[in-house]
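Okay, run-v7.txt now, which holds compact mmCIF, C-alpha atoms and all ligand atoms:
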```txt
# COMPACT_ATOMS: atom_id res chain seq x y z
CA MET D 1 -4.87 -18.07 6.77
CA THR D 2 -2.51 -16.12 8.98
CA THR D 3 0.59 -17.48 10.58
CA PRO D 4 3.30 -15.61 12.50
CA LEU D 5 6.62 -15.03 10.81
CA PRO D 6 9.48 -17.07 12.20
CA GLY D 7 10.93 -14.92 14.98
CA GLY D 8 14.40 -13.53 15.41
CA ASP D 9 14.23 -10.49 13.15
CA ARG D 10 13.51 -7.36 15.14
CA ARG D 11 12.28 -5.53 12.08
CA THR D 12 9.76 -8.11 11.02
CA GLY D 13 8.91 -9.77 14.30
CA THR D 14 5.48 -8.20 14.48
CA ALA D 15 4.53 -8.89 10.88
CA SER D 16 2.42 -11.78 9.73
CA VAL D 17 2.32 -13.87 6.58
CA THR D 18 -1.10 -14.07 4.98
CA THR D 19 -2.02 -16.00 1.87
CA LEU D 20 -4.21 -13.75 -0.27
CA PHE D 21 -4.43 -15.55 -3.54
CA VAL D 22 -3.66 -18.91 -5.07
CA THR D 23 -3.06 -19.00 -8.83
CA PRO D 24 -4.50 -21.81 -11.00
CA GLU D 25 -0.95 -23.23 -11.01
CA GLY D 26 -1.05 -23.36 -7.23
CA ARG D 27 1.32 -20.46 -6.62
CA LYS D 28 0.49 -18.62 -3.42
CA LEU D 29 0.66 -14.88 -3.13
CA ARG D 30 1.45 -13.83 0.38
CA VAL D 31 1.66 -10.58 2.28
CA ARG D 32 4.57 -10.07 4.61
CA GLY D 33 6.69 -7.39 6.21
CA VAL D 34 10.03 -6.43 4.71
CA ARG D 35 13.65 -6.81 5.60
CA GLU D 36 16.49 -4.54 4.58
CA ARG D 37 17.61 -7.04 1.95
CA ASP D 38 14.20 -6.75 0.23
CA LEU D 39 14.79 -3.14 -0.77
CA PRO D 40 16.31 -3.80 -4.24
CA GLU D 41 13.32 -5.98 -5.20
CA LEU D 42 10.91 -3.40 -3.82
CA HIS D 43 12.69 -0.73 -5.85
CA ARG D 44 12.42 -2.89 -8.99
CA LEU D 45 8.66 -3.27 -8.53
CA ASP D 46 8.17 0.42 -7.76
CA GLN D 47 10.05 1.37 -10.93
CA GLU D 48 8.12 -1.13 -13.01
CA VAL D 49 4.78 0.23 -11.81
CA PHE D 50 5.51 3.95 -11.53
CA GLY D 51 8.28 4.44 -14.11
CA GLU D 52 9.74 7.93 -13.92
CA HIS D 53 7.52 8.64 -10.89
CA ALA D 54 9.01 5.80 -8.85
CA TYR D 55 10.76 6.66 -5.62
CA PRO D 56 14.53 6.95 -5.90
CA TYR D 57 16.26 4.12 -4.04
CA PHE D 58 17.49 6.43 -1.30
CA VAL D 59 13.94 7.61 -0.59
CA LEU D 60 12.67 4.04 -0.33
CA ARG D 61 15.57 3.31 1.98
CA GLN D 62 14.66 6.20 4.25
CA PHE D 63 10.98 5.26 4.19
CA TYR D 64 12.07 1.80 5.26
CA ASP D 65 14.10 3.26 8.12
CA LEU D 66 11.15 5.34 9.26
CA TYR D 67 8.15 3.19 8.48
CA HIS D 68 9.17 -0.45 7.98
CA GLU D 69 6.44 -1.57 10.38
CA ASP D 70 3.83 -0.31 7.94
CA LEU D 71 5.46 -1.57 4.76
CA PHE D 72 4.02 -4.78 3.34
CA VAL D 73 4.85 -6.65 0.17
CA LEU D 74 2.90 -9.20 -1.81
CA GLU D 75 5.15 -11.98 -3.06
CA ASP D 76 4.76 -15.29 -4.87
CA GLY D 77 8.13 -16.83 -4.05
CA GLN D 78 9.67 -15.50 -7.25
CA ALA D 79 9.15 -11.75 -7.12
CA PHE D 80 7.25 -8.99 -5.42
CA ARG D 81 3.86 -8.41 -7.05
CA GLY D 82 2.63 -5.54 -4.93
CA TYR D 83 3.31 -3.34 -1.94
CA VAL D 84 1.67 -0.87 0.38
CA LEU D 85 3.43 1.68 2.55
CA ALA D 86 2.00 3.98 5.19
CA GLY D 87 3.84 6.66 7.13
CA THR D 88 2.50 7.85 10.47
CA THR D 89 2.97 10.96 12.56
CA PRO D 90 1.98 9.50 15.96
CA ALA D 91 1.43 12.85 17.69
CA GLN D 92 -1.26 13.71 15.17
CA ARG D 93 -2.50 10.13 14.96
CA ARG D 94 -2.40 10.67 11.22
CA SER D 95 -1.01 8.42 8.51
CA TRP D 96 -0.34 8.92 4.84
CA ILE D 97 -0.46 6.15 2.30
CA LEU D 98 2.88 6.71 0.62
CA GLY D 99 2.71 3.88 -1.87
CA LEU D 100 0.29 1.30 -3.22
CA ALA D 101 1.09 -0.81 -6.25
CA ILE D 102 0.09 -4.08 -7.84
CA ASP D 103 2.14 -5.51 -10.68
CA GLU D 104 0.20 -5.00 -13.92
CA GLY D 105 -0.24 -8.72 -14.55
CA TRP D 106 -1.83 -9.23 -11.14
CA ARG D 107 -4.41 -6.47 -11.13
CA GLY D 108 -8.15 -6.99 -10.96
CA HIS D 109 -8.05 -9.89 -8.48
CA GLY D 110 -8.83 -7.95 -5.34
CA LEU D 111 -5.19 -7.74 -4.26
CA GLY D 112 -4.99 -3.94 -4.09
CA ARG D 113 -8.07 -3.93 -1.91
CA ARG D 114 -6.60 -6.62 0.35
CA LEU D 115 -3.30 -4.78 0.72
CA MET D 116 -5.14 -1.61 1.66
CA ALA D 117 -7.28 -3.54 4.12
CA GLU D 118 -4.15 -4.98 5.75
CA SER D 119 -2.59 -1.55 6.01
CA LEU D 120 -5.74 0.01 7.50
CA ARG D 121 -6.09 -2.89 9.93
CA ARG D 122 -2.55 -2.22 11.17
CA LEU D 123 -3.12 1.51 11.44
CA ARG D 124 -6.25 0.95 13.52
CA THR D 125 -4.20 -1.08 16.00
CA GLN D 126 -1.85 1.90 16.30
CA GLU D 127 -4.79 4.16 17.13
CA VAL D 128 -4.36 6.23 14.01
CA ARG D 129 -7.42 8.42 13.57
CA GLU D 130 -7.04 9.71 10.00
CA VAL D 131 -5.50 8.24 6.88
CA TRP D 132 -4.56 10.62 4.08
CA LEU D 133 -3.38 10.00 0.54
CA THR D 134 -2.92 11.68 -2.81
CA VAL D 135 -4.00 10.30 -6.15
CA GLU D 136 -3.78 11.45 -9.73
CA PRO D 137 -7.14 12.86 -10.87
CA ALA D 138 -7.12 10.53 -13.92
CA ASN D 139 -6.37 7.38 -11.91
CA ASP D 140 -9.89 5.95 -11.99
CA ALA D 141 -8.97 2.51 -10.67
CA ALA D 142 -7.23 3.90 -7.58
CA ILE D 143 -9.90 6.55 -6.94
CA LYS D 144 -12.65 3.93 -7.11
CA LEU D 145 -10.74 1.67 -4.76
CA TYR D 146 -10.15 4.45 -2.23
CA ALA D 147 -13.74 5.70 -2.47
CA SER D 148 -15.06 2.18 -1.90
CA LEU D 149 -12.96 2.02 1.28
CA GLY D 150 -14.56 5.25 2.52
CA PHE D 151 -11.96 7.83 1.49
CA THR D 152 -13.41 11.15 0.39
CA ARG D 153 -11.79 13.98 -1.52
CA VAL D 154 -10.99 16.97 0.68
CA GLU D 155 -8.85 18.98 -1.73
CA TYR D 156 -8.07 19.32 -5.39
CA GLY D 157 -4.34 19.98 -5.18
CA ALA D 158 -3.46 21.96 -8.31
CA ASP D 159 0.29 21.58 -8.98
CA TYR D 160 0.42 19.56 -5.77
CA PHE D 161 3.66 17.83 -6.74
CA GLY D 162 4.90 20.67 -8.95
CA GLU D 163 3.87 22.09 -12.29
CA ASP D 164 1.12 20.06 -14.00
CA ALA D 165 1.24 17.42 -11.28
CA ASP D 166 -2.24 17.87 -9.82
CA ARG D 167 -3.46 15.46 -7.19
CA TRP D 168 -6.63 14.75 -5.32
CA VAL D 169 -6.12 14.68 -1.57
CA MET D 170 -8.36 12.09 0.07
CA VAL D 171 -9.00 11.29 3.72
CA LEU D 172 -10.44 8.39 5.65
CA PRO D 173 -11.39 8.92 9.32
CA LEU D 174 -10.65 5.89 11.51
CA PRO D 175 -12.96 6.19 14.51
CA ALA D 176 -11.86 4.58 17.76
CA GLN D 177 -13.21 1.05 18.01
CA ARG D 178 -15.24 0.07 21.04
CA ALA D 179 -13.58 -2.44 23.32
C1 LIG D 201 -4.83 0.94 -8.04
C2 LIG D 201 -4.37 -0.53 -7.94
C3 LIG D 201 -3.46 -0.66 -6.72
C4 LIG D 201 -5.60 -1.42 -7.77
O1 LIG D 201 -5.14 -2.73 -7.54
P1 LIG D 201 -5.99 -4.02 -8.02
O2 LIG D 201 -5.45 -5.19 -7.30
O3 LIG D 201 -6.06 -4.08 -9.48
O4 LIG D 201 -7.43 -3.63 -7.46
P2 LIG D 201 -8.54 -4.65 -6.93
O5 LIG D 201 -8.65 -5.80 -7.87
O6 LIG D 201 -8.30 -4.92 -5.50
O7 LIG D 201 -9.85 -3.75 -7.11
C5 LIG D 201 -10.29 -2.96 -6.04
C6 LIG D 201 -11.23 -1.90 -6.56
O8 LIG D 201 -10.51 -0.95 -7.35
C7 LIG D 201 -11.34 -0.50 -8.43
N1 LIG D 201 -10.71 -0.89 -9.67
C8 LIG D 201 -9.67 -1.75 -9.83
N2 LIG D 201 -9.33 -1.81 -11.13
C9 LIG D 201 -10.16 -0.98 -11.78
C10 LIG D 201 -10.26 -0.56 -13.14
N3 LIG D 201 -9.46 -1.05 -14.10
N4 LIG D 201 -11.19 0.37 -13.47
C11 LIG D 201 -12.02 0.87 -12.53
N5 LIG D 201 -11.96 0.52 -11.21
C12 LIG D 201 -11.04 -0.39 -10.86
C13 LIG D 201 -12.69 -1.16 -8.24
O9 LIG D 201 -13.47 -0.31 -7.42
C14 LIG D 201 -12.31 -2.41 -7.49
O10 LIG D 201 -13.36 -2.91 -6.70
P3 LIG D 201 -14.38 -4.03 -7.29
O11 LIG D 201 -13.50 -5.10 -7.85
O12 LIG D 201 -15.14 -4.43 -6.09
O13 LIG D 201 -15.15 -3.33 -8.33
C15 LIG D 201 -3.63 -0.96 -9.23
O14 LIG D 201 -4.44 -0.66 -10.36
C16 LIG D 201 -2.26 -0.34 -9.43
O15 LIG D 201 -1.27 -0.80 -8.88
N6 LIG D 201 -2.19 0.72 -10.25
C17 LIG D 201 -0.92 1.36 -10.58
C18 LIG D 201 -0.33 2.06 -9.39
C19 LIG D 201 -1.28 3.04 -8.78
O16 LIG D 201 -1.98 3.76 -9.47
N7 LIG D 201 -1.27 3.09 -7.43
C20 LIG D 201 -2.08 4.00 -6.69
C21 LIG D 201 -1.39 5.31 -6.59
S1 LIG D 201 -2.37 6.50 -5.70
```
Translate this structure into structure tokens?
Ligand SMILES: CC(C)(COP(=O)(O)OP(=O)(O)OC[C@H]1O[C@@H](n2cnc3c(N)ncnc32)[C@H](O)[C@@H]1OP(=O)(O)O)[C@@H](O)C(=O)NCCC(=O)NCCS
Amino acid sequence: MTTPLPGGDRRTGTASVTTLFVTPEGRKLRVRGVRERDLPELHRLDQEVFGEHAYPYFVLRQFYDLYHEDLFVLEDGQAFRGYVLAGTTPAQRRSWILGLAIDEGWRGHGLGRRLMAESLRRLRTQEVREVWLTVEPANDAAIKLYASLGFTRVEYGADYFGEDADRWVMVLPLPAQRA
């Protein structure tokens, strides 16, 4: 089910609200775009999921300034339960997945896959031709998810994010779709 967001907000006017999941208690988890006032809650979730590797608030703020059109959160009316963020360099038609997280208590229900699908759907409409990301070599869940979406490893980045912070670099080509 997809319905347009109520209009009026320049920054979220193109986003949609999509129900992804209904809990046994009837709570709906929805995907939507973000507003500036959502940043503290996004920061809370990012810290909860990534701990010391979470983005500092000022970095999230700047990502928002640059890439808010490709930043989606999963919410249940009480809190954010997941997010996905992509950053695009239009001249290269290349995007990077800069963040993907599902709250621990909500994992294993297909929500990470759905958030990625939403992000990739959006990137296709922007004529992005390659999506890149990095992932920790020991992060089996994320690697399996990305591989199942068609991402392949193109580099083992030793010390990619500094000493002892190796990362796989993975890429997904997004061929142009026929009209
Ligand atoms: C990676 C993450 C986003 C997956 O979200 P999720 O909602 O639990 O994943 P889904 O339920 O949509 O599962 C999608 C696929 O991921 C893989 N997967 C998910 N959990 C897995 C697990 N515990 N072990 C192995 N594979 C797993 C499977 O391939 C699964 O597909 P399948 O259900 O068809 O087998 C989530 O585990 C997370 O937020 N982890 C912490 C943050 C993180 O590592 N982010 C990625 C940084 S690169």
Within 10 Å of ligand LIG 201 (chain D) (only C-alpha atoms and all ligand atoms), residues as a JSON list (two decimals) with C-alpha atoms, in the frame of the given file:
```json
[["chain", "number", "residue", "atom", "x", "y", "z"],
["D", 46, "ASP", "CA", 8.17, 0.42, -7.76],
["D", 48, "GLU", "CA", 8.12, -1.13, -13.01],
["D", 49, "VAL", "CA", 4.78, 0.23, -11.81],
["D", 50, "PHE", "CA", 5.51, 3.95, -11.53],
["D", 81, "ARG", "CA", 3.86, -8.41, -7.05],
["D", 82, "GLY", "CA", 2.63, -5.54, -4.93],
["D", 83, "TYR", "CA", 3.31, -3.34, -1.94],
["D", 84, "VAL", "CA", 1.67, -0.87, 0.38],
["D", 97, "ILE", "CA", -0.46, 6.15, 2.30],
["D", 98, "LEU", "CA", 2.88, 6.71, 0.62],
["D", 99, "GLY", "CA", 2.71, 3.88, -1.87],
["D", 100, "LEU", "CA", 0.29, 1.30, -3.22],
["D", 101, "ALA", "CA", 1.09, -0.81, -6.25],
["D", 102, "ILE", "CA", 0.09, -4.08, -7.84],
["D", 103, "ASP", "CA", 2.14, -5.51, -10.68],
["D", 104, "GLU", "CA", 0.20, -5.00, -13.92],
["D", 105, "GLY", "CA", -0.24, -8.72, -14.55],
["D", 106, "TRP", "CA", -1.83, -9.23, -11.14],
["D", 107, "ARG", "CA", -4.41, -6.47, -11.13],
["D", 108, "GLY", "CA", -8.15, -6.99, -10.96],
["D", 109, "HIS", "CA", -8.05, -9.89, -8.48],
["D", 110, "GLY", "CA", -8.83, -7.95, -5.34],
["D", 111, "LEU", "CA", -5.19, -7.74, -4.26],
["D", 112, "GLY", "CA", -4.99, -3.94, -4.09],
["D", 113, "ARG", "CA", -8.07, -3.93, -1.91],
["D", 114, "ARG", "CA", -6.60, -6.62, 0.35],
["D", 115, "LEU", "CA", -3.30, -4.78, 0.72],
["D", 116, "MET", "CA", -5.14, -1.61, 1.66],
["D", 117, "ALA", "CA", -7.28, -3.54, 4.12],
["D", 133, "LEU", "CA", -3.38, 10.00, 0.54],
["D", 134, "THR", "CA", -2.92, 11.68, -2.81],
["D", 135, "VAL", "CA", -4.00, 10.30, -6.15],
["D", 136, "GLU", "CA", -3.78, 11.45, -9.73],
["D", 137, "PRO", "CA", -7.14, 12.86, -10.87],
["D", 138, "ALA", "CA", -7.12, 10.53, -13.92],
["D", 139, "ASN", "CA", -6.37, 7.38, -11.91],
["D", 140, "ASP", "CA", -9.89, 5.95, -11.99],
["D", 141, "ALA", "CA", -8.97, 2.51, -10.67],
["D", 142, "ALA", "CA", -7.23, 3.90, -7.58],
["D", 143, "ILE", "CA", -9.90, 6.55, -6.94],
["D", 144, "LYS", "CA", -12.65, 3.93, -7.11],
["D", 145, "LEU", "CA", -10.74, 1.67, -4.76],
["D", 146, "TYR", "CA", -10.15, 4.45, -2.23],
["D", 147, "ALA", "CA", -13.74, 5.70, -2.47],
["D", 148, "SER", "CA", -15.06, 2.18, -1.90],
["D", 149, "LEU", "CA", -12.96, 2.02, 1.28],
["D", 167, "ARG", "CA", -3.46, 15.46, -7.19],
["D", 168, "TRP", "CA", -6.63, 14.75, -5.32],
["D", 169, "VAL", "CA", -6.12, 14.68, -1.57]]
```
message: Could you check the closest approach to Leu85 of chain D for each of D:Glu118, D:Asp159, D:Glu127, D:Glu36 and tell me which residue wins, using only C-alpha atoms?
response: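 Nearest to Leu85 of chain D: D:Glu118.
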Arg122 of chain D: which residues within 12 Å, counting all atoms listed in the file, same-chain residues fewer than 4 positions away excluded, as a compact mmCIF listing (two decimals) with C-alpha atoms, in the frame of the given file?
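Result file follows (result08.txt):
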```txt
# COMPACT_ATOMS: atom_id res chain seq x y z
CA THR D 14 5.48 -8.20 14.48
CA ALA D 15 4.53 -8.89 10.88
CA SER D 16 2.42 -11.78 9.73
CA GLY D 33 6.69 -7.39 6.21
CA GLU D 69 6.44 -1.57 10.38
CA ASP D 70 3.83 -0.31 7.94
CA LEU D 71 5.46 -1.57 4.76
CA PHE D 72 4.02 -4.78 3.34
CA VAL D 84 1.67 -0.87 0.38
CA LEU D 85 3.43 1.68 2.55
CA ALA D 86 2.00 3.98 5.19
CA GLY D 87 3.84 6.66 7.13
CA THR D 88 2.50 7.85 10.47
CA SER D 95 -1.01 8.42 8.51
CA LEU D 115 -3.30 -4.78 0.72
CA MET D 116 -5.14 -1.61 1.66
CA ALA D 117 -7.28 -3.54 4.12
CA GLU D 118 -4.15 -4.98 5.75
CA GLN D 126 -1.85 1.90 16.30
CA GLU D 127 -4.79 4.16 17.13
CA VAL D 128 -4.36 6.23 14.01
CA ARG D 129 -7.42 8.42 13.57
CA VAL D 131 -5.50 8.24 6.88
CA LEU D 174 -10.65 5.89 11.51
```
task: For atom CA of Leu42 of chain D and atom CA of Leu60 of chain D, determine how far apart the two atoms are, in Å to one decimal place.
output: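 Going from atom CA of Leu42 of chain D over to atom CA of Leu60 of chain D covers 8.4 Å.
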- prompt: Which value, in Å to one decimal, gives the distance between atom CA of Pro173 of chain D and atom CA of Tyr67 of chain D?
  reply: 20.4 Å
message: Within 8 Å of (12.6, -1.6, 6.1) in the file's own coordinates, which protein, DNA or RNA residues have an atom, counting all atoms listed in the file? List them as number ranges by chain.
response: D: 11, 34-36, 38-39, 61, 63-69, 71
Distance in Å - atom CA of Asp164 of chain D versus atom CA of Arg44 of chain D: 26.1 Å
message: Ranking D:Val59, D:Pro175, D:Gly77, D:Arg30 by minimum distance to Arg93 of chain D and counting all atoms listed in the file, which one comes first?
response: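 For Arg93 of chain D, the nearest of the candidates is D:Pro175.
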query: Between D:His43, D:Tyr55, D:Val22, D:Met170, which has the minimum distance to Asp76 of chain D (counting all atoms listed in the file)?
result: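 Closest residue, counting all atoms listed in the file: D:Val22.
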Box for segment 35-49 of chain D - axis-aligned, 8 Å on each of the six sides, all listed atoms - centre and size in Å to one decimal, as AutoDock Vina command-line options.
```
--center_x 11.2 --center_y -2.8 --center_z -3.7 --size_x 28.8 --size_y 24.4 --size_z 34.6
```
- request: Kindly indicate which residue among D:Lys28, D:Ser119, D:Thr19, D:Thr125 lies nearest to Gln177 of chain D, using only C-alpha atoms for the distances.
  value: D:Thr125
